[in-house]
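Report on the structure given below.
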Amino acid sequence: MAEQFAIEMKGITKTFGSVVANNKVELNLKKGEILALLGENGSGKTTLMNMLSGIYQPDQGEIRVDGKPVTIASPEDAKALGIGMVHQHFKLVEVFSAADNIWMGKEKAGFLLKKDRYAQIQAMAAKFGFELDPSKKVYNMAVSEKQTLEIIKVLYYGAKVIILDEPTAVLTVQEIEKLFQVLRKMREDGHSIIIITHKLNEVLELSDRVAILRKGEYIGTVETKDTNEQELTEFMVGRKVDLNIERPVVEKTRPLLEIRDLTIRNDEGAVAIDHVNFYIRGGEILGVAGIAGCGQKELCEAIAGLRPIEGGQMIHKGDNIVGLSPKAILDKGIAMSFIPEDRLGMGLAPSMSITDNMLLKNYADSKGIFVDRDLGRADAQHVIENLGVVTPSTETPVRRLSGGNVQKVLLGREIKAGPNVIVTAYPVRGLDINSSYAIYHILNEQKKSGVGILFVGEDLDVMMALCDKIMVLCHGRMMGVVHAHKVTKEELGLMMTGSLDLSHRYEDKPAGFAKDTNFVQTDEEVEP
Amino acid sequence: MEMDKMGVVTTFLHNIVVYNIPLLYGTTGEIIVEKSGSLNLGVEGIMAVGAIFGYIVGCYANSLGVGILTSFVAGALCGLLFAMLTVSLQANQNITGLTLTTFGLGVYFFVGNGVKAVNWPAMADYVNIKNGFADIALPGLSQIPLLGRGLFSHNILVYLGVVIALGMWWYLNRTQTGLRLRAVGENPAAADSVGINVKRYQYLHICLGCGIMGIGGYYMALNMSGSFNSSCWINGYGWIAVALVIFANWNPALAIVGTFVFGFFNTLRVSGSSLALAFPEGLGWLSSVPTQLYQALPFLITAVVLVISSIRKKKDGGQPASLGLNYFREER
Amino acid sequence: MSIHVVKRDSLSFGKKVLIYLGAVAAALILGGLLLLAMGVDPVAYYSRMFTMGMIGNKIAYKAAENYLKIFVPLVVTSVALSLAFKMRFWNIGGEGQFILGAVAAATVAFQLGPILPQPVTLLLMCLAGMLCAGLYGVMVAALKVKFGTSETLLTLMLNYVALYFITFLGETQAAWNFYLDEESVRPIFANFSKIVSFPSIPIGKFGLNVCVIFAVLIGILIYVYLKYTKQGYEIAVVGDSPGTAHYAGMKVNRIILRTVFLSACLIGLAAAFKVGTVGILSTTVTDDVGWTGIIVAWLAQLNTIAIFVISALIGVLQYGSTAAAATFAQVDSSFADMLQGAILFLVLAADFLIRFRVVFAKKGGLTNGNG
């Protein structure tokens with residue numbers, strides 16, 4: 001007898017305009033398994049899953065649930081078929097309580113809202129093994145709480161098939177472990193699970209089988225126990241790539257940028273960066289690790305002069321840059337490229353051309369009242385040629401470019417100005433492996449030419465390979481600066497969650513500013 | 001003399017209610033529309049359409065009930081037009097609303113001048129409508145001295161307006177459909193993802209809200225003892241209703257209070273002088289206040305409320321988070 | 001098979017124009033059917049309307065002059081609004097700003113007109129109108145950047161505050177109120193066209209009001225301003241992505257304040273043109289240009305050239321309907337409002353076809369042999 005699948009997708013094709021997001025993709029999900037859907041960014045994973053959850057509809061192809069062909073025209077249909085999806089960007093009503101976020105989708109809830117819905121939701125959450133404060137408003141919740149709420153929500157609606165889109169992206173190492181326990185328990189209870197990810201270690205740790213997509217094409221499905229990282233990477237990127245990121249050894253200069261006792265408040269007025277000390281030398285890459293929202297953004301903004309500081313000093317080549325305008329700081333040679341979650345919100349004007357975007361920081365330098373577009377066009381041409389940006393012309397709006405090209409344009413503009421310090425946050429966010437390597441290469445070239453780089457990242461493996469030193473932040477406090485090639489991932493994880501604090505390792509001495517040698521192991525690490 | 005003064009106060013209270021209930025209809029209707037996430041600036045036009053068709057069909061049938069029903073349907077049809085354009089065809093809500101006002105007033109004058117040309121009789125000539133619109137004293141309550149006749153002896157549409165407002169408050173806050181409607185206005189993508197049919201909710205509630213506005217328009221027609229003349233019956237009430245929605249913090253129950261407050265100024269404009277006459281020592285100064293100040297006050301107050309509430313930045317204010325934004329499921 | 005809708009990348013200019021023209025034609029046909037039902041010949045009515053009654057009219061030049069009186073305030077206001085809209089600042093307070101500008105210009109005319117030479121008075125009228133309207137607008141912008149106050153709702157409210165202010169001036173007879181006609185028993189606004197008014201350049205019988213030339217000049221200047229200057233570049237960046245503008249070291253709040261001030265100033269200037277041409281205030285001095293301007297700017301997709309074309313067409317619609325109403329007594333002049341509404345509704349609907357594409361999905365299991 002043929003095996004009964006929970007979900008079968010046959011020959012699914014989906015296009016957006018001229019872009020083929022999915023081309024004749026096949027996918028089978030067995031009952032009671034965890035299937036990892038693996039692929040680089042832009043390989044069509046989320047698009048494919050959105051067709052299961054009713055957000056998109058396939059242009060071609062067939063979907064079967066429990067062997068029966070179905071049409072999923074809306075999330076309503078998906079819900080009725082027992083398919084639930086936890087989206088990467090949570091779909092929660094901020095002003096509602098946890099209970100109401102679940103209750104609003106309940107079928108046959110009765111016309112009246114009754115107070116006992118809170119107790120009902122809480123009891124149900126407990127049954128699945130979750131703790132939940134049903135009357136807590138979503139806007140008061142932490143990210144992991146929101147994710148838990150999303151999972152409880154799909155379980156409550158009776159989903160048998162649960163899809164999670166990059167659920168670990170926003171979690172700490174410890175929270176990820178907890179999530180995996182939850183998923184394993186759900187598998188035991190008979191749920192079938194699809195987890196979208198591009199992190200190989202997670203795939204190997206959690207899944208039963210792995211389905212791989214590459215550039216919208218279906219590559220194949222393998223049993224997790226029969227494969228390994230190397231093979232999966234090959235499937236994913238199509239050719240063998242060197243997993244090692246280059247870390248050139250460069251003669252370090254004296255500190256270019258020194259941060260002393262810096263304190264910054266965030267938009268809500270809470271302390272975002274709490275008495276932090278560190279420095280960046282020329283010719284080194286200093287990584288900044290930390291879970292999302294622990295002060296990285298505020299730190300970058302303060303250095304770039306975009307955010308007033310509460311206290312402390314920022315010394316650039318001997319000059320205090322506190323209180324200078326963004327423009328003045330830029331003129332001193334401190335460049336910043338910050339890639340926000342939506343990629344385009346900061347640093348680029350998406351509807352404007354590459355030329356216009358090149359002019360963003362120096363349009364005011366030309367004489368007269370008019371913008372010098374010839375200059376911008378020349379710069380655009382330069383960046384396109386040197387960094388290999390794929391675009392029809394210099395006048396193409398940036399929003400039409402693919403993610404990797406957008407980020408090249410952004411970084412290219414920053415480097416074009418010939419900075420001596422580069423602050424870069426999430427430069428490979430959302431990029432596929434090839435584009436990421438191109439970006440790493442660009443950064444290393446800058447490092448070799450003596451530029452000091454502050455690299456705010458999210459992937460610990462990358463940071464451990466690329467950076468010279470890593471500074472770890474936890475809720476705005478510096479937990480220590482460690483040598484990237486010495487530290488273990490677990491240590492970083494513990495520091496990120498505040499369980500390990502190396503900054504006060506020697507209680508008799510003040511933490512000082514960024515004497516990294518103070519707290520890394522012992523003798524041989526002492527800097528010259 | 002004492003009795004006379006009380007009479008003035010009672011009449012004053014009575015007038016606050018009688019002349020301003022259309023605001024309550026307009027506001028309640030607009031709250032329902034806005035709670036679904038749509039900012040509809042067409043209230044003035046919709047009320048006008050409700051007024052003219054309620055007036056004509058109601059008179060033709062010689063029935064107040066038919067008039068009310070017609071004005072509701074006419075308003076709801078305007079809502080349907082708005083919903084088709086903004087919900088299905090993704091048109092800009094500000095532009096569509098403003099156009100609806102132009103269009104609605106155009107229809108109002110076009111039809112109105114048409115019936116005026118054939119000497120349509122005044123509404124008061126229709127016995128059933130006249131009787132139907134007569135005041136009904138609430139037993140007990142209307143006997144309260146000073147306040148009773150002012151507040152508790154009114155025509156049926158006053159009571160209906162209050163009942164609708166309270167009913168809508170209950171519906172929004174105490175029913176699951178209301179919860180779902182609020183979810184649609186706050187975050188349509190979230191509502192969609194849990195299987196709420198966003199479009200259906202928006203269509204239904206835009207039509208419902210606009211229908212309620214239509215009744216408000218019909219009330220204006222009735223209260224002007226309705227024969228058509230060249231000035232508009234609605235006379236800016238639709239815009240005051242848009243303001244009142246903000247003043248009431250998107251809460252239909254508070255809209256009743258807000259209507260009374262705005263109505264108070266409106267009534268001072270008309271009968272402030274009689275108050276000044278009755279109480280020359282305490283309120284004599286009223287007669288020297290320019291009437292235009294009373295007309296501007298609702299807008300001034302709302303402007304101040306807007307500014308203050310934006311300064312306070314409350315996270316769970318009444319304004320729906322997705323107000324004015326169209327929802328397109330496949331947005332990437 | 002199922003139908004669903006996806007966003008379109010772009011559509012050729014020609015096709016866009018064709019779709020919009022189709023929408024306008026459809027609205028005219030609907031209106032024509034209504035006219036037919038009333039026993040009016042639609043062709044005759046429309047031709048009267050679109051020629052604005054100028055054909056076979058001995059005083060056609062008068063009609064052209066009056067038409068331009070409608071056109072100038074509308075086009076200047078629309079251009080002004082497009083500046084603010086370009087920054088995604090929803091200034092729907094054009095009405096209020098126009099009224100304050102008109103009152104300020106009239107104040108100068110009454111107070112200084114008799115003393116100063118006409119060109120100086122006219123210049124001061126323009127400046128006063130610009131300043132008052134500009135401040136009224138920039139106040140909202142200041143609240144918006146400081147507290148995040150909704151500018152849509154706030155400017156809407158302020159329209160009515162201004163409206164009742166001018167009503168107050170028009171209805172209050174008092175010694176200080178120099179705006180009113182002293183001769184009249186009932187309060188009516190006084191006419192100052194004998195004291196000061198914008199001159200016309202005679203071209204045959206036709207007098208070309210200088211304001212028309214100014215309006216065209218403003219259009220060209222704003223076009224260049226938006227497209228080629230640094231400030232125009234800043235407006236584009238702020239409108240596209242405020243975060244990016246901030247990050248590039250632009251003083252975003254200052255740019256917003258500056259642009260909204262400029263936008264409101266131009267509306268004040270439009271008001272000065274208007275009162276300086278008609279020579280009298282009125283509670284309906286705006287002719288609804290604050291509202292219509294929003295629609296024009298939006299329909300033109302904030303393109304300055306398109307604003308001129310659409311303003312011209314809307315002006316024809318409005319002025320032409322009055323002209324047609326004189327000939328066809330049975331058709332009320334409110335027909336134009338309905339027609340304008342219908343055209344806009346259909347254009348809004350047509351816009352959907354331009355921005356989106358309807359897709360018919362096929363069941364893949366049957367058509368796709370991939371298996």
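Please note that chains go A, B, ... in the order of the structure tokens, that every chain numbers its residues from 1, and that ligands are numbered from 1 in the order shown.
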Show me a table, sorted first by chain and then by increasing residue number, of the residues of chain A having an atom at most 8 Å from chain C, each with its shortest atom pair and the distance in Å to one decimal, counting only C-alpha atoms and written as a Markdown table.
```
| residue | atom | partner | partner_atom | distance |
| --- | --- | --- | --- | --- |
| A:Lys10 | CA | C:Gly371 | CA | 6.4 |
| A:Gly11 | CA | C:Asn370 | CA | 6.1 |
| A:Ile12 | CA | C:Gly364 | CA | 7.3 |
| A:Phe16 | CA | C:Val6 | CA | 7.7 |
| A:Gly17 | CA | C:Asp9 | CA | 6.6 |
| A:Lys24 | CA | C:Asn370 | CA | 7.4 |
| A:Gln57 | CA | C:Ala361 | CA | 7.8 |
| A:Pro58 | CA | C:Ala361 | CA | 7.0 |
| A:Asp59 | CA | C:Ala361 | CA | 4.9 |
| A:Gln60 | CA | C:Gly364 | CA | 4.3 |
| A:Gly61 | CA | C:Gly364 | CA | 3.4 |
| A:Glu62 | CA | C:Gly365 | CA | 5.2 |
| A:Leu306 | CA | C:Tyr247 | CA | 6.8 |
| A:Ser325 | CA | C:Gly249 | CA | 7.4 |
| A:Pro326 | CA | C:Gly249 | CA | 4.9 |
| A:Lys327 | CA | C:Gly249 | CA | 5.4 |
| A:Gly345 | CA | C:Gly243 | CA | 5.9 |
| A:Met346 | CA | C:Thr244 | CA | 4.3 |
| A:Gly347 | CA | C:Thr244 | CA | 4.6 |
| A:Leu348 | CA | C:Thr244 | CA | 5.7 |
| A:Ala349 | CA | C:Ser241 | CA | 5.6 |
| A:Pro350 | CA | C:Asp240 | CA | 6.9 |
| A:Ser351 | CA | C:Asp240 | CA | 6.5 |
| A:Met352 | CA | C:Asp240 | CA | 7.8 |
| A:Leu360 | CA | C:Ala248 | CA | 6.2 |
| A:Lys361 | CA | C:Ala248 | CA | 5.4 |
| A:Tyr363 | CA | C:Lys230 | CA | 7.0 |
| A:Ala364 | CA | C:Lys230 | CA | 6.9 |
| A:Ile369 | CA | C:Thr229 | CA | 5.6 |
| A:Phe370 | CA | C:Thr229 | CA | 4.0 |
| A:Val371 | CA | C:Lys230 | CA | 5.1 |
```
Per residue of chain C within 6 Å of chain B, which atom pair is closest and at what distance in Å (one decimal), using only C-alpha atoms, listed by chain and increasing number, as a tab-separated table?
```
residue	atom	partner	partner_atom	distance
C:Phe147	CA	B:Ile311	CA	5.3
C:Thr149	CA	B:Ser310	CA	5.1
C:Leu154	CA	B:Ala303	CA	5.7
C:Met157	CA	B:Phe299	CA	5.1
C:Val161	CA	B:Ala296	CA	5.0
C:Tyr164	CA	B:Gln292	CA	5.4
C:Phe168	CA	B:Gln292	CA	5.6
C:Asp332	CA	B:Phe110	CA	6.0
C:Ser334	CA	B:Gly106	CA	5.0
C:Asp337	CA	B:Gly106	CA	4.8
C:Met338	CA	B:Phe103	CA	4.9
C:Gly341	CA	B:Phe103	CA	4.6
C:Leu348	CA	B:Ala91	CA	5.9
C:Phe352	CA	B:Leu89	CA	5.5
```
Do you have, as JSON lines, the list of residues of chain A lying at most 8 Å from chain B, each with its nearest atom pair and that distance in Å to one decimal, counting only C-alpha atoms and ordered by chain then number?
```
{"residue": "A:Ile55", "atom": "CA", "partner": "B:Glu330", "partner_atom": "CA", "distance": 6.3}
{"residue": "A:Tyr56", "atom": "CA", "partner": "B:Glu330", "partner_atom": "CA", "distance": 6.3}
{"residue": "A:Ser74", "atom": "CA", "partner": "B:Gly195", "partner_atom": "CA", "distance": 7.6}
{"residue": "A:Pro75", "atom": "CA", "partner": "B:Gly195", "partner_atom": "CA", "distance": 5.1}
{"residue": "A:Glu76", "atom": "CA", "partner": "B:Gly195", "partner_atom": "CA", "distance": 3.7}
{"residue": "A:Asp77", "atom": "CA", "partner": "B:Gly195", "partner_atom": "CA", "distance": 7.4}
{"residue": "A:Lys79", "atom": "CA", "partner": "B:Gly195", "partner_atom": "CA", "distance": 6.5}
{"residue": "A:Phe90", "atom": "CA", "partner": "B:Ala190", "partner_atom": "CA", "distance": 8.0}
{"residue": "A:Lys91", "atom": "CA", "partner": "B:Ala190", "partner_atom": "CA", "distance": 4.2}
{"residue": "A:Leu92", "atom": "CA", "partner": "B:Ala190", "partner_atom": "CA", "distance": 5.3}
{"residue": "A:Val93", "atom": "CA", "partner": "B:Asn187", "partner_atom": "CA", "distance": 5.8}
{"residue": "A:Glu94", "atom": "CA", "partner": "B:Glu186", "partner_atom": "CA", "distance": 8.0}
{"residue": "A:Val95", "atom": "CA", "partner": "B:Asp316", "partner_atom": "CA", "distance": 5.7}
{"residue": "A:Asp100", "atom": "CA", "partner": "B:Leu179", "partner_atom": "CA", "distance": 7.8}
{"residue": "A:Trp103", "atom": "CA", "partner": "B:Gln176", "partner_atom": "CA", "distance": 8.0}
{"residue": "A:Met104", "atom": "CA", "partner": "B:Arg180", "partner_atom": "CA", "distance": 5.4}
{"residue": "A:Gly105", "atom": "CA", "partner": "B:Val194", "partner_atom": "CA", "distance": 4.9}
{"residue": "A:Ala109", "atom": "CA", "partner": "B:Gln176", "partner_atom": "CA", "distance": 7.3}
{"residue": "A:Gly110", "atom": "CA", "partner": "B:Gln176", "partner_atom": "CA", "distance": 7.2}
{"residue": "A:Phe111", "atom": "CA", "partner": "B:Thr175", "partner_atom": "CA", "distance": 5.5}
{"residue": "A:Leu112", "atom": "CA", "partner": "B:Thr175", "partner_atom": "CA", "distance": 4.2}
{"residue": "A:Leu113", "atom": "CA", "partner": "B:Thr175", "partner_atom": "CA", "distance": 4.7}
{"residue": "A:Lys114", "atom": "CA", "partner": "B:Arg174", "partner_atom": "CA", "distance": 7.6}
```
Who sits within 9 Å of Val43 of chain B, only C-alpha atoms, same chain under 6 positions skipped, as a count of residues only: 15
All residues 9 Å or closer to segment 397-410 of chain A, only C-alpha atoms, same chain fewer than 3 positions away omitted, as an MDAnalysis selection string: chainID A and resid 42 337 339 343:344 347:358 380 383:384 387:391 394 413:415 427:432 434:436 438:439
DSSP strand (DSSP E or B) residues within segment 72-249 of chain B, listed as a list of chain:residue names: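 Selecting the strand (DSSP E or B) positions of segment 72-249 of chain B gives B:Ile136, B:Ala137, B:Ser153, B:His154, B:Thr175.
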Could the residues in this selection be saved with C-alpha atoms as an mmCIF file, in the first residue's frame?
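Saved the output as result-v2.cif:
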```cif
data_model
loop_
_atom_site.group_PDB
_atom_site.id
_atom_site.type_symbol
_atom_site.label_atom_id
_atom_site.label_comp_id
_atom_site.auth_asym_id
_atom_site.auth_seq_id
_atom_site.Cartn_x
_atom_site.Cartn_y
_atom_site.Cartn_z
ATOM 1 C CA ILE B 136 -43.212 60.151 22.873
ATOM 2 C CA ALA B 137 -42.784 60.841 26.578
ATOM 3 C CA SER B 153 -39.728 63.164 25.662
ATOM 4 C CA HIS B 154 -38.631 62.796 22.081
ATOM 5 C CA THR B 175 -19.600 39.743 20.684
#
```
Please provide the set of residues having any atom within 10 Å of Gly318 of chain A, restricted to only C-alpha atoms, with same-chain residues fewer than 3 positions apart removed, written as a PDB file with C-alpha atoms, in the first residue's frame.
```pdb
ATOM      1  CA  PRO A 255      42.700  52.368  17.865  1.00  0.00           C
ATOM      2  CA  LEU A 256      40.760  54.477  15.397  1.00  0.00           C
ATOM      3  CA  LEU A 257      37.542  54.645  17.314  1.00  0.00           C
ATOM      4  CA  GLU A 258      37.348  54.393  21.057  1.00  0.00           C
ATOM      5  CA  MET A 314      33.326  58.550  21.519  1.00  0.00           C
ATOM      6  CA  ILE A 315      36.885  59.319  20.462  1.00  0.00           C
ATOM      7  CA  ILE A 321      32.797  63.112  18.097  1.00  0.00           C
TER       8      ILE A 321
END
```
All residues 12 Å or closer to Cys211 of chain C, only C-alpha atoms, same chain fewer than 2 positions away omitted, as an MDAnalysis selection string: chainID C and resid 65 68:73 75:76 122 126 197:201 207:209 213:218 269:278
Requested write-out: C-alpha atoms of the selected residues, as an mmCIF file, in the first residue's frame:
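Here's the written file selection-v4.cif:
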```
data_model
loop_
_atom_site.group_PDB
_atom_site.id
_atom_site.type_symbol
_atom_site.label_atom_id
_atom_site.label_comp_id
_atom_site.auth_asym_id
_atom_site.auth_seq_id
_atom_site.Cartn_x
_atom_site.Cartn_y
_atom_site.Cartn_z
ATOM 1 C CA GLU C 65 -11.506 84.956 -19.079
ATOM 2 C CA LEU C 68 -9.173 81.100 -16.454
ATOM 3 C CA LYS C 69 -10.419 82.615 -13.203
ATOM 4 C CA ILE C 70 -11.456 79.113 -12.181
ATOM 5 C CA PHE C 71 -8.372 77.476 -13.620
ATOM 6 C CA VAL C 72 -5.662 79.577 -11.944
ATOM 7 C CA PRO C 73 -6.510 78.989 -8.261
ATOM 8 C CA VAL C 75 -3.907 74.632 -10.719
ATOM 9 C CA VAL C 76 -1.761 76.562 -8.259
ATOM 10 C CA LEU C 122 -0.369 93.418 -5.058
ATOM 11 C CA CYS C 126 0.697 87.910 -2.223
ATOM 12 C CA SER C 197 -6.673 94.268 -8.768
ATOM 13 C CA PHE C 198 -4.369 92.197 -10.915
ATOM 14 C CA PRO C 199 -4.048 93.767 -14.368
ATOM 15 C CA SER C 200 -4.815 92.033 -17.629
ATOM 16 C CA ILE C 201 -2.820 92.115 -20.831
ATOM 17 C CA GLY C 207 -7.716 90.200 -21.468
ATOM 18 C CA LEU C 208 -5.058 87.828 -20.273
ATOM 19 C CA ASN C 209 -4.826 88.171 -16.523
ATOM 20 C CA ILE C 213 1.251 83.850 -16.516
ATOM 21 C CA PHE C 214 2.280 83.605 -12.883
ATOM 22 C CA ALA C 215 0.525 80.257 -12.573
ATOM 23 C CA VAL C 216 2.414 78.860 -15.560
ATOM 24 C CA LEU C 217 5.669 80.241 -14.139
ATOM 25 C CA ILE C 218 4.967 78.617 -10.783
ATOM 26 C CA LEU C 269 -0.614 82.666 -3.149
ATOM 27 C CA ALA C 270 -3.410 80.996 -5.096
ATOM 28 C CA ALA C 271 -5.820 82.675 -2.702
ATOM 29 C CA ALA C 272 -4.161 86.054 -3.227
ATOM 30 C CA PHE C 273 -4.502 85.559 -7.005
ATOM 31 C CA LYS C 274 -8.143 84.757 -6.527
ATOM 32 C CA VAL C 275 -9.136 87.710 -4.336
ATOM 33 C CA GLY C 276 -6.835 90.026 -6.256
ATOM 34 C CA THR C 277 -8.732 89.093 -9.404
ATOM 35 C CA VAL C 278 -12.334 89.057 -8.204
#
```
d(atom CA of Ala484 of chain A, atom CA of Ala465 of chain A) in Å: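 It comes out at 7.1 Å.
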Would you pick out the contacts of segment 90-105 of chain C at 8 Å or less, using only C-alpha atoms, so that residues sharing its chain but fewer than 5 positions from it are not included, and give the list as a PDB file with C-alpha atoms, in the first residue's frame?
```
ATOM      1  CA  THR C  77      -3.445  74.849  -5.307  1.00  0.00           C
ATOM      2  CA  LEU C  81      -0.622  70.148  -2.606  1.00  0.00           C
ATOM      3  CA  ALA C  84       3.263  67.995   0.432  1.00  0.00           C
ATOM      4  CA  PHE C  85       1.865  64.749  -0.986  1.00  0.00           C
ATOM      5  CA  LEU C 124       2.259  92.683  -0.364  1.00  0.00           C
ATOM      6  CA  MET C 125      -1.095  90.932  -0.835  1.00  0.00           C
ATOM      7  CA  CYS C 126       0.697  87.910  -2.223  1.00  0.00           C
ATOM      8  CA  LEU C 127       3.254  87.919   0.578  1.00  0.00           C
ATOM      9  CA  ALA C 128       0.614  88.314   3.287  1.00  0.00           C
ATOM     10  CA  GLY C 129      -1.501  85.524   1.824  1.00  0.00           C
ATOM     11  CA  MET C 130       1.504  83.259   1.600  1.00  0.00           C
ATOM     12  CA  LEU C 131       2.649  83.975   5.120  1.00  0.00           C
ATOM     13  CA  CYS C 132      -0.709  83.412   6.805  1.00  0.00           C
ATOM     14  CA  ALA C 133      -1.535  80.263   4.870  1.00  0.00           C
ATOM     15  CA  GLY C 134       2.010  79.025   5.319  1.00  0.00           C
ATOM     16  CA  TYR C 136      -1.470  77.732   9.277  1.00  0.00           C
ATOM     17  CA  GLY C 137      -0.025  74.756   7.411  1.00  0.00           C
ATOM     18  CA  GLU C 151      -2.135  65.495   9.729  1.00  0.00           C
ATOM     19  CA  THR C 152      -5.068  64.151   7.703  1.00  0.00           C
ATOM     20  CA  THR C 155      -5.946  69.698   8.660  1.00  0.00           C
ATOM     21  CA  LEU C 156      -9.519  68.512   8.065  1.00  0.00           C
ATOM     22  CA  LEU C 158      -8.716  73.296  10.706  1.00  0.00           C
ATOM     23  CA  ASN C 159     -10.534  73.748   7.394  1.00  0.00           C
ATOM     24  CA  TYR C 160     -13.725  74.332   9.316  1.00  0.00           C
ATOM     25  CA  VAL C 161     -12.144  76.560  11.910  1.00  0.00           C
ATOM     26  CA  ALA C 162     -11.015  78.786   9.040  1.00  0.00           C
ATOM     27  CA  LEU C 163     -14.409  78.550   7.349  1.00  0.00           C
ATOM     28  CA  ILE C 166     -14.383  83.962   7.470  1.00  0.00           C
ATOM     29  CA  ALA C 264       0.763  76.074   2.203  1.00  0.00           C
ATOM     30  CA  ILE C 267      -1.990  77.833  -1.559  1.00  0.00           C
ATOM     31  CA  GLY C 268      -1.994  81.261   0.085  1.00  0.00           C
ATOM     32  CA  LEU C 269      -0.614  82.666  -3.149  1.00  0.00           C
ATOM     33  CA  ALA C 270      -3.410  80.996  -5.096  1.00  0.00           C
ATOM     34  CA  ALA C 271      -5.820  82.675  -2.702  1.00  0.00           C
ATOM     35  CA  ALA C 272      -4.161  86.054  -3.227  1.00  0.00           C
ATOM     36  CA  LYS C 274      -8.143  84.757  -6.527  1.00  0.00           C
ATOM     37  CA  VAL C 275      -9.136  87.710  -4.336  1.00  0.00           C
ATOM     38  CA  GLY C 276      -6.835  90.026  -6.256  1.00  0.00           C
ATOM     39  CA  LEU C 281     -14.043  88.090  -0.188  1.00  0.00           C
ATOM     40  CA  VAL C 285     -14.009  82.113  -1.893  1.00  0.00           C
ATOM     41  CA  THR C 286     -12.258  78.717  -2.231  1.00  0.00           C
ATOM     42  CA  ASP C 288     -13.675  74.012  -3.211  1.00  0.00           C
ATOM     43  CA  VAL C 289     -10.195  74.098  -4.772  1.00  0.00           C
ATOM     44  CA  GLY C 290      -8.790  72.746  -1.514  1.00  0.00           C
ATOM     45  CA  TRP C 291     -10.811  69.588  -2.096  1.00  0.00           C
ATOM     46  CA  GLY C 293      -6.924  70.116  -5.743  1.00  0.00           C
ATOM     47  CA  ILE C 294      -6.387  66.954  -3.721  1.00  0.00           C
TER      48      ILE C 294
END
```
Sel. of helix (DSSP H, G or I) residues, segment 327-468 of chain A, as JSON, numbers by chain: {"A": [327, 328, 329, 330, 331, 354, 355, 356, 357, 358, 359, 360, 361, 363, 364, 365, 373, 374, 375, 376, 377, 378, 379, 380, 381, 382, 383, 384, 385, 386, 387, 398, 399, 400, 403, 404, 405, 406, 407, 408, 409, 410, 411, 412, 413, 414, 415, 416, 433, 434, 435, 436, 437, 438, 439, 440, 441, 442, 443, 444, 445, 446, 447, 448, 460, 461, 462, 463, 464, 465, 466]}
Residue among A:Asp189, A:Glu205, A:Asp66, A:Asp274 lying closest to Ala6 of chain A, counting only C-alpha atoms: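 Checking each of A:Asp189, A:Glu205, A:Asp66, A:Asp274 against Ala6 of chain A, counting only C-alpha atoms, the winner is A:Asp66.
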Å distance separating atom CA of Ile102 of chain A from atom CA of Lys137 of chain A, one decimal place: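 We find that atom CA of Ile102 of chain A and atom CA of Lys137 of chain A lie 12.2 Å from each other.
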Atomic separation - atom CA of Ala253 of chain B relative to atom CA of Trp169 of chain B, Å: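 A separation of 5.8 Å between them.
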